[in-house]
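Data block for coords_34.tsv (TSV, N, CA and C atoms):
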chain	number	residue	atom	x	y	z
K	2	MET	N	12.86	-19.36	6.32
K	2	MET	CA	13.30	-18.35	7.25
K	2	MET	C	13.27	-16.96	6.63
K	3	CYS	N	13.18	-16.89	5.33
K	3	CYS	CA	13.17	-15.60	4.64
K	3	CYS	C	11.98	-14.76	5.08
K	4	TYR	N	10.84	-15.41	5.30
K	4	TYR	CA	9.65	-14.68	5.72
K	4	TYR	C	9.88	-13.99	7.05
K	5	LEU	N	10.63	-14.61	7.94
K	5	LEU	CA	10.89	-14.01	9.25
K	5	LEU	C	11.76	-12.76	9.11
K	6	ILE	N	12.76	-12.82	8.26
K	6	ILE	CA	13.62	-11.66	8.04
K	6	ILE	C	12.83	-10.50	7.45
K	7	LEU	N	11.98	-10.78	6.46
K	7	LEU	CA	11.17	-9.73	5.86
K	7	LEU	C	10.20	-9.13	6.87
K	8	ALA	N	9.62	-9.98	7.70
K	8	ALA	CA	8.68	-9.47	8.71
K	8	ALA	C	9.41	-8.61	9.74
K	9	LEU	N	10.62	-9.00	10.10
K	9	LEU	CA	11.36	-8.23	11.11
K	9	LEU	C	11.85	-6.90	10.56
K	10	GLU	N	12.06	-6.80	9.25
K	10	GLU	CA	12.49	-5.53	8.67
K	10	GLU	C	11.37	-4.50	8.67
K	11	LEU	N	10.13	-4.97	8.64
K	11	LEU	CA	9.01	-4.05	8.53
K	11	LEU	C	8.47	-3.58	9.87
K	12	VAL	N	8.98	-4.13	10.97
K	12	VAL	CA	8.54	-3.67	12.29
K	12	VAL	C	9.71	-3.01	13.01
K	13	GLY	N	9.38	-2.20	13.97
K	13	GLY	CA	10.41	-1.51	14.74
K	13	GLY	C	11.10	-2.43	15.72
K	14	PRO	N	12.22	-1.98	16.28
K	14	PRO	CA	12.99	-2.80	17.21
K	14	PRO	C	12.20	-3.22	18.45
K	15	ASN	N	11.24	-2.40	18.85
K	15	ASN	CA	10.45	-2.73	20.04
K	15	ASN	C	9.52	-3.92	19.83
K	16	TYR	N	9.15	-4.18	18.58
K	16	TYR	CA	8.19	-5.23	18.29
K	16	TYR	C	8.83	-6.49	17.69
K	17	ARG	N	10.11	-6.49	17.51
K	17	ARG	CA	10.76	-7.63	16.85
K	17	ARG	C	10.63	-8.91	17.64
K	18	SER	N	10.78	-8.84	18.95
K	18	SER	CA	10.65	-10.06	19.74
K	18	SER	C	9.21	-10.57	19.70
K	19	PHE	N	8.24	-9.66	19.72
K	19	PHE	CA	6.83	-10.07	19.64
K	19	PHE	C	6.54	-10.76	18.30
K	20	VAL	N	7.03	-10.18	17.20
K	20	VAL	CA	6.81	-10.77	15.88
K	20	VAL	C	7.47	-12.15	15.79
K	21	THR	N	8.65	-12.29	16.37
K	21	THR	CA	9.33	-13.59	16.36
K	21	THR	C	8.53	-14.62	17.13
K	22	VAL	N	8.04	-14.26	18.30
K	22	VAL	CA	7.23	-15.18	19.10
K	22	VAL	C	5.95	-15.56	18.38
K	23	MET	N	5.30	-14.58	17.76
K	23	MET	CA	4.06	-14.88	17.04
K	23	MET	C	4.33	-15.79	15.84
K	24	THR	N	5.43	-15.57	15.15
K	24	THR	CA	5.77	-16.43	14.01
K	24	THR	C	5.99	-17.86	14.47
K	25	CYS	N	6.72	-18.01	15.55
K	25	CYS	CA	6.96	-19.36	16.08
K	25	CYS	C	5.67	-20.00	16.58
K	26	THR	N	4.77	-19.19	17.13
K	26	THR	CA	3.48	-19.70	17.60
K	26	THR	C	2.66	-20.22	16.43
K	27	PHE	N	2.61	-19.46	15.34
K	27	PHE	CA	1.86	-19.92	14.17
K	27	PHE	C	2.49	-21.18	13.57
K	28	TYR	N	3.80	-21.27	13.62
K	28	TYR	CA	4.48	-22.47	13.13
K	28	TYR	C	4.06	-23.68	13.97
K	29	THR	N	3.99	-23.49	15.28
K	29	THR	CA	3.59	-24.58	16.18
K	29	THR	C	2.16	-25.00	15.92
K	30	PHE	N	1.26	-24.03	15.73
K	30	PHE	CA	-0.13	-24.37	15.42
K	30	PHE	C	-0.22	-25.07	14.06
K	31	GLY	N	0.64	-24.71	13.14
K	31	GLY	CA	0.68	-25.40	11.85
K	31	GLY	C	1.07	-26.86	12.00
K	32	LEU	N	2.04	-27.13	12.86
K	32	LEU	CA	2.43	-28.52	13.10
K	32	LEU	C	1.31	-29.30	13.77
K	33	MET	N	0.60	-28.67	14.69
K	33	MET	CA	-0.55	-29.34	15.32
K	33	MET	C	-1.65	-29.59	14.30
K	34	GLY	N	-1.85	-28.64	13.38
K	34	GLY	CA	-2.82	-28.83	12.32
K	34	GLY	C	-2.42	-29.96	11.39
K	35	LEU	N	-1.13	-30.11	11.16
K	35	LEU	CA	-0.65	-31.22	10.34
K	35	LEU	C	-0.98	-32.55	10.97
K	36	ALA	N	-0.89	-32.65	12.28
K	36	ALA	CA	-1.25	-33.89	12.98
K	36	ALA	C	-2.73	-34.21	12.77
K	37	VAL	N	-3.58	-33.18	12.77
K	37	VAL	CA	-5.01	-33.39	12.54
K	37	VAL	C	-5.25	-33.86	11.10
K	38	VAL	N	-4.57	-33.22	10.15
K	38	VAL	CA	-4.74	-33.59	8.74
K	38	VAL	C	-4.28	-35.04	8.50
K	39	THR	N	-3.17	-35.42	9.09
K	39	THR	CA	-2.67	-36.80	8.88
K	39	THR	C	-3.58	-37.83	9.53
K	40	THR	N	-4.40	-37.41	10.47
K	40	THR	CA	-5.37	-38.34	11.06
K	40	THR	C	-6.42	-38.73	10.03
K	41	PHE	N	-6.78	-37.81	9.15
K	41	PHE	CA	-7.83	-38.07	8.17
K	41	PHE	C	-7.32	-38.45	6.79
K	42	VAL	N	-6.12	-38.08	6.45
K	42	VAL	CA	-5.55	-38.39	5.13
K	42	VAL	C	-4.42	-39.39	5.32
K	43	HIS	N	-4.63	-40.61	4.81
K	43	HIS	CA	-3.65	-41.68	5.05
K	43	HIS	C	-2.72	-41.93	3.87
K	44	ASP	N	-3.12	-41.50	2.69
K	44	ASP	CA	-2.31	-41.71	1.49
K	44	ASP	C	-1.24	-40.62	1.42
K	45	TRP	N	0.02	-40.99	1.21
K	45	TRP	CA	1.11	-40.01	1.24
K	45	TRP	C	1.00	-39.00	0.10
K	46	PHE	N	0.53	-39.44	-1.08
K	46	PHE	CA	0.43	-38.53	-2.21
K	46	PHE	C	-0.65	-37.48	-1.97
K	47	THR	N	-1.79	-37.92	-1.50
K	47	THR	CA	-2.88	-36.98	-1.19
K	47	THR	C	-2.46	-36.04	-0.06
K	48	LEU	N	-1.75	-36.57	0.92
K	48	LEU	CA	-1.27	-35.74	2.02
K	48	LEU	C	-0.32	-34.66	1.52
K	49	SER	N	0.56	-35.03	0.60
K	49	SER	CA	1.49	-34.02	0.07
K	49	SER	C	0.75	-32.95	-0.73
K	50	LEU	N	-0.31	-33.33	-1.45
K	50	LEU	CA	-1.11	-32.33	-2.18
K	50	LEU	C	-1.89	-31.44	-1.22
K	51	VAL	N	-2.51	-32.05	-0.21
K	51	VAL	CA	-3.32	-31.28	0.73
K	51	VAL	C	-2.47	-30.27	1.49
K	52	THR	N	-1.24	-30.61	1.79
K	52	THR	CA	-0.39	-29.70	2.57
K	52	THR	C	0.43	-28.76	1.69
K	53	SER	N	0.56	-29.02	0.41
K	53	SER	CA	1.40	-28.18	-0.44
K	53	SER	C	0.62	-27.21	-1.32
K	54	VAL	N	-0.51	-27.61	-1.84
K	54	VAL	CA	-1.26	-26.77	-2.77
K	54	VAL	C	-1.66	-25.42	-2.15
K	55	PRO	N	-2.09	-25.35	-0.89
K	55	PRO	CA	-2.44	-24.03	-0.34
K	55	PRO	C	-1.28	-23.03	-0.35
K	56	PHE	N	-0.06	-23.50	-0.35
K	56	PHE	CA	1.09	-22.59	-0.35
K	56	PHE	C	1.34	-21.94	-1.71
K	57	LEU	N	0.64	-22.38	-2.73
K	57	LEU	CA	0.74	-21.71	-4.03
K	57	LEU	C	0.21	-20.27	-3.94
K	58	LEU	N	-0.66	-20.04	-2.96
K	58	LEU	CA	-1.18	-18.67	-2.77
K	58	LEU	C	-0.08	-17.70	-2.39
K	59	TYR	N	1.01	-18.17	-1.82
K	59	TYR	CA	2.12	-17.29	-1.43
K	59	TYR	C	2.77	-16.63	-2.64
K	60	PHE	N	2.65	-17.22	-3.81
K	60	PHE	CA	3.23	-16.60	-5.00
K	60	PHE	C	2.50	-15.29	-5.34
K	61	PHE	N	1.24	-15.19	-4.94
K	61	PHE	CA	0.50	-13.95	-5.16
K	61	PHE	C	0.81	-12.90	-4.09
K	62	TYR	N	1.38	-13.34	-3.00
K	62	TYR	CA	1.72	-12.43	-1.91
K	62	TYR	C	2.78	-11.42	-2.34
K	63	ILE	N	3.61	-11.81	-3.29
K	63	ILE	CA	4.67	-10.91	-3.76
K	63	ILE	C	4.07	-9.66	-4.42
K	64	LEU	N	2.84	-9.75	-4.89
K	64	LEU	CA	2.20	-8.61	-5.53
K	64	LEU	C	1.81	-7.52	-4.53
K	65	ILE	N	1.59	-7.89	-3.27
K	65	ILE	CA	1.18	-6.89	-2.27
K	65	ILE	C	2.26	-6.60	-1.23
K	66	MET	N	3.27	-7.44	-1.15
K	66	MET	CA	4.34	-7.24	-0.17
K	66	MET	C	5.28	-6.15	-0.67
K	67	PRO	N	5.49	-5.10	0.14
K	67	PRO	CA	6.40	-4.05	-0.32
K	67	PRO	C	7.85	-4.51	-0.28
K	68	GLU	N	8.65	-3.88	-1.11
K	68	GLU	CA	10.09	-4.15	-1.11
K	68	GLU	C	10.67	-3.64	0.20
K	69	SER	N	11.76	-4.23	0.62
K	69	SER	CA	12.40	-3.81	1.86
K	69	SER	C	12.98	-2.41	1.71
K	70	PRO	N	12.59	-1.46	2.58
K	70	PRO	CA	13.17	-0.11	2.49
K	70	PRO	C	14.69	-0.11	2.67
K	71	ARG	N	15.20	-0.99	3.49
K	71	ARG	CA	16.65	-1.07	3.69
K	71	ARG	C	17.36	-1.48	2.41
K	72	TRP	N	16.77	-2.46	1.71
K	72	TRP	CA	17.37	-2.91	0.47
K	72	TRP	C	17.32	-1.80	-0.57
K	73	LEU	N	16.18	-1.11	-0.65
K	73	LEU	CA	16.05	-0.02	-1.61
K	73	LEU	C	17.06	1.09	-1.33
K	74	LEU	N	17.26	1.41	-0.05
K	74	LEU	CA	18.25	2.44	0.29
K	74	LEU	C	19.65	1.97	-0.05
K	75	ALA	N	19.93	0.70	0.17
K	75	ALA	CA	21.26	0.17	-0.15
K	75	ALA	C	21.53	0.22	-1.66
K	76	LYS	N	20.46	0.12	-2.45
K	76	LYS	CA	20.59	0.18	-3.91
K	76	LYS	C	20.48	1.60	-4.44
K	77	GLY	N	20.31	2.59	-3.55
K	77	GLY	CA	20.24	3.98	-3.96
K	77	GLY	C	18.89	4.41	-4.48
K	78	LYS	N	17.85	3.63	-4.23
K	78	LYS	CA	16.50	3.96	-4.69
K	78	LYS	C	15.75	4.69	-3.58
K	79	LEU	N	16.14	5.93	-3.37
K	79	LEU	CA	15.62	6.73	-2.26
K	79	LEU	C	14.13	6.99	-2.38
K	80	GLU	N	13.68	7.38	-3.56
K	80	GLU	CA	12.26	7.74	-3.73
K	80	GLU	C	11.35	6.55	-3.46
K	81	ASP	N	11.73	5.37	-3.94
K	81	ASP	CA	10.92	4.18	-3.70
K	81	ASP	C	10.88	3.85	-2.21
K	82	ALA	N	12.03	3.96	-1.55
K	82	ALA	CA	12.09	3.67	-0.12
K	82	ALA	C	11.26	4.67	0.67
K	83	LEU	N	11.30	5.93	0.27
K	83	LEU	CA	10.52	6.95	0.97
K	83	LEU	C	9.02	6.73	0.81
K	84	LYS	N	8.59	6.30	-0.37
K	84	LYS	CA	7.17	6.00	-0.59
K	84	LYS	C	6.71	4.90	0.36
K	85	ILE	N	7.51	3.85	0.48
K	85	ILE	CA	7.14	2.73	1.35
K	85	ILE	C	7.15	3.16	2.81
K	86	LEU	N	8.16	3.93	3.21
K	86	LEU	CA	8.22	4.39	4.60
K	86	LEU	C	7.06	5.33	4.93
K	87	GLU	N	6.69	6.19	3.98
K	87	GLU	CA	5.56	7.09	4.22
K	87	GLU	C	4.25	6.30	4.31
K	88	THR	N	4.11	5.27	3.50
K	88	THR	CA	2.93	4.42	3.58
K	88	THR	C	2.88	3.70	4.92
K	89	MET	N	4.02	3.21	5.37
K	89	MET	CA	4.07	2.53	6.67
K	89	MET	C	3.69	3.49	7.79
K	90	ALA	N	4.17	4.71	7.72
K	90	ALA	CA	3.84	5.70	8.75
K	90	ALA	C	2.34	6.02	8.72
K	91	ARG	N	1.78	6.16	7.53
K	91	ARG	CA	0.36	6.47	7.41
K	91	ARG	C	-0.51	5.33	7.94
K	92	VAL	N	-0.14	4.09	7.63
K	92	VAL	CA	-0.89	2.93	8.11
K	92	VAL	C	-0.84	2.84	9.64
K	93	ASN	N	0.30	3.22	10.21
K	93	ASN	CA	0.46	3.18	11.66
K	93	ASN	C	-0.08	4.42	12.36
K	94	GLY	N	-0.67	5.35	11.60
K	94	GLY	CA	-1.25	6.53	12.19
K	94	GLY	C	-0.22	7.54	12.67
K	95	LYS	N	0.95	7.51	12.07
K	95	LYS	CA	2.02	8.44	12.45
K	95	LYS	C	2.32	9.36	11.27
K	96	GLU	N	3.03	10.42	11.57
K	96	GLU	CA	3.46	11.33	10.51
K	96	GLU	C	4.94	11.09	10.24
K	97	PHE	N	5.28	11.03	8.97
K	97	PHE	CA	6.67	10.79	8.58
K	97	PHE	C	7.45	12.08	8.79
K	98	PRO	N	8.45	12.08	9.68
K	98	PRO	CA	9.17	13.33	9.97
K	98	PRO	C	10.04	13.80	8.80
K	99	GLU	N	9.98	15.08	8.53
K	99	GLU	CA	10.76	15.67	7.45
K	99	GLU	C	12.26	15.58	7.74
K	100	SER	N	12.62	15.64	9.02
K	100	SER	CA	14.05	15.54	9.37
K	100	SER	C	14.61	14.17	9.00
K	101	PHE	N	13.78	13.13	9.15
K	101	PHE	CA	14.21	11.78	8.77
K	101	PHE	C	14.35	11.68	7.26
K	102	HIS	N	13.46	12.34	6.55
K	102	HIS	CA	13.51	12.37	5.09
K	102	HIS	C	14.83	12.97	4.62
K	103	SER	N	15.20	14.13	5.17
K	103	SER	CA	16.45	14.77	4.75
K	103	SER	C	17.67	13.97	5.21
K	104	LYS	N	17.56	13.31	6.35
K	104	LYS	CA	18.66	12.48	6.84
K	104	LYS	C	18.91	11.30	5.89
K	105	LEU	N	17.83	10.70	5.39
K	105	LEU	CA	17.98	9.60	4.44
K	105	LEU	C	18.58	10.08	3.13
K	106	GLU	N	18.15	11.26	2.66
K	106	GLU	CA	18.73	11.82	1.42
K	106	GLU	C	20.22	12.03	1.58
K	107	GLU	N	20.60	12.59	2.71
K	107	GLU	CA	22.02	12.84	2.96
K	107	GLU	C	22.81	11.54	3.01
K	108	MET	N	22.22	10.52	3.65
K	108	MET	CA	22.89	9.23	3.76
K	108	MET	C	23.08	8.58	2.39
K	109	VAL	N	22.06	8.65	1.54
K	109	VAL	CA	22.15	8.05	0.21
K	109	VAL	C	23.16	8.79	-0.65
K	110	LEU	N	23.17	10.13	-0.58
K	110	LEU	CA	24.15	10.90	-1.34
K	110	LEU	C	25.57	10.60	-0.89
K	111	HIS	N	25.76	10.48	0.41
K	111	HIS	CA	27.08	10.14	0.93
K	111	HIS	C	27.52	8.76	0.44
K	112	GLU	N	26.60	7.82	0.42
K	112	GLU	CA	26.92	6.46	-0.04
K	112	GLU	C	27.24	6.46	-1.53
K	113	LYS	N	26.53	7.28	-2.32
K	113	LYS	CA	26.82	7.35	-3.76
K	113	LYS	C	28.21	7.91	-4.02
K	114	HIS	N	28.59	8.95	-3.27
K	114	HIS	CA	29.93	9.52	-3.44
K	114	HIS	C	31.00	8.54	-3.00
K	115	ARG	N	30.71	7.79	-1.98
K	115	ARG	CA	31.68	6.81	-1.48
K	115	ARG	C	31.88	5.69	-2.49
K	116	THR	N	30.81	5.23	-3.12
K	116	THR	CA	30.93	4.14	-4.09
K	116	THR	C	31.53	4.63	-5.41
K	117	LYS	N	31.37	5.92	-5.72
K	117	LYS	CA	32.00	6.44	-6.94
K	117	LYS	C	33.52	6.45	-6.79
K	118	LYS	N	33.98	6.69	-5.58
K	118	LYS	CA	35.42	6.74	-5.34
K	118	LYS	C	36.06	5.37	-5.53
K	119	ARG	N	35.37	4.35	-5.11
K	119	ARG	CA	35.93	3.01	-5.31
K	119	ARG	C	34.99	2.24	-6.23
K	120	LYS	N	35.54	1.69	-7.27
K	120	LYS	CA	34.73	0.97	-8.23
K	120	LYS	C	34.49	-0.43	-7.70
K	121	GLU	N	33.20	-0.77	-7.60
K	121	GLU	CA	32.84	-2.09	-7.08
K	121	GLU	C	32.81	-3.09	-8.22
K	122	HIS	N	33.28	-4.28	-7.91
K	122	HIS	CA	33.21	-5.38	-8.85
K	122	HIS	C	31.97	-6.20	-8.51
K	123	ASN	N	31.08	-6.37	-9.47
K	123	ASN	CA	29.86	-7.15	-9.22
K	123	ASN	C	30.22	-8.62	-9.13
K	124	ILE	N	29.80	-9.21	-8.05
K	124	ILE	CA	30.06	-10.63	-7.84
K	124	ILE	C	28.74	-11.37	-8.00
K	125	GLY	N	28.75	-12.43	-8.78
K	125	GLY	CA	27.55	-13.21	-9.02
K	125	GLY	C	27.72	-14.66	-8.61
K	126	ALA	N	26.73	-15.44	-8.91
K	126	ALA	CA	26.75	-16.85	-8.54
K	126	ALA	C	27.84	-17.62	-9.30
K	127	MET	N	28.15	-17.19	-10.49
K	127	MET	CA	29.17	-17.90	-11.28
K	127	MET	C	30.57	-17.72	-10.67
K	128	ASP	N	30.76	-16.67	-9.87
K	128	ASP	CA	32.06	-16.46	-9.22
K	128	ASP	C	32.35	-17.54	-8.18
K	129	LEU	N	31.32	-18.22	-7.73
K	129	LEU	CA	31.51	-19.32	-6.76
K	129	LEU	C	32.18	-20.52	-7.43
K	130	CYS	N	32.05	-20.62	-8.74
K	130	CYS	CA	32.60	-21.78	-9.46
K	130	CYS	C	34.00	-21.55	-9.99
K	131	LYS	N	34.56	-20.38	-9.78
K	131	LYS	CA	35.90	-20.08	-10.29
K	131	LYS	C	36.97	-20.71	-9.44

The structure in this file should be written as structure tokens.
Amino acid sequence: MCYLILALELVGPNYRSFVTVMTCTFYTFGLMGLAVVTTFVHDWFTLSLVTSVPFLLYFFYILIMPESPRWLLAKGKLEDALKILETMARVNGKEFPESFHSKLEEMVLHEKHRTKKRKEHNIGAMDLCK
């Protein structure tokens, strides 16, 4: 389900339902393709290899998938987020508005001042075992 969340972060609110429907459609076609593969591959071990090995290519996808701009902004990495947002605007044939740029800067500065006032305690996975 992580792929769906990442895909929905990169599209605008108007296209989120379309992206969700398309994702579910591809999932359905994948299940139909699995039925075709199981018709020809009867051995369970070979079937597991045939259906799993192609997904190793997804590990290379991380090299081209941009980081989430929302996550970058939450971590205070404004310049990185702006680069990704400007690239997204350029790919979509739009111009990145300067007013939005200054609004993001103001928002990040406000968040930095707010977090300086209260010291956050970093919580990790080991805190679940306490």

With 4 Å on each side, where is the centre of the axis-aligned box around all listed atoms of segment 55-71 of chain K, and how long are its edges in Å to one decimal, as JSON?
{"center_x": 7.5, "center_y": -12.7, "center_z": -0.9, "size_x": 27.8, "size_y": 33.2, "size_z": 17.2}

**Message:** Considering only C-alpha atoms, can you say which of K:Val42, K:Ile124, K:Leu64, K:Val12 comes closest to Ala90 of chain K?
**Reply:**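 Going through K:Val42, K:Ile124, K:Leu64, K:Val12 one by one, the smallest distance to Ala90 of chain K is for K:Val12.
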
**Item:** One-decimal distance in Å that lies between atom C of Pro67 of chain K and atom N of Val54 of chain K
**Value:**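 Computing the Euclidean distance for atom N of Val54 of chain K and atom C of Pro67 of chain K yields 24.6 Å.
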
**Request:** Could you jot down the atom C of Lys76 of chain K to atom C of Ala8 of chain K separation for me, Å, one decimal place?
**Result:** 20.7 Å

**Residue neighbourhood segment 78-83 of chain K, 10 Å, only C-alpha atoms, exclusion window fewer than 4 positions, as a count of residues only** = 19

**Request:** Could you tell me how far atom CA of Leu9 of chain K lies from atom CA of Gly31 of chain K, in Å and to one decimal?
**Result:** 20.2 Å

**Request:** Any chance you could list, as number ranges by chain, the residues in chain K that come up alpha helix (DSSP H) when DSSP is run on the backbone?
**Result:** K: 3-10, 17-41, 45-53, 59-62, 70-75, 79-92, 99-118
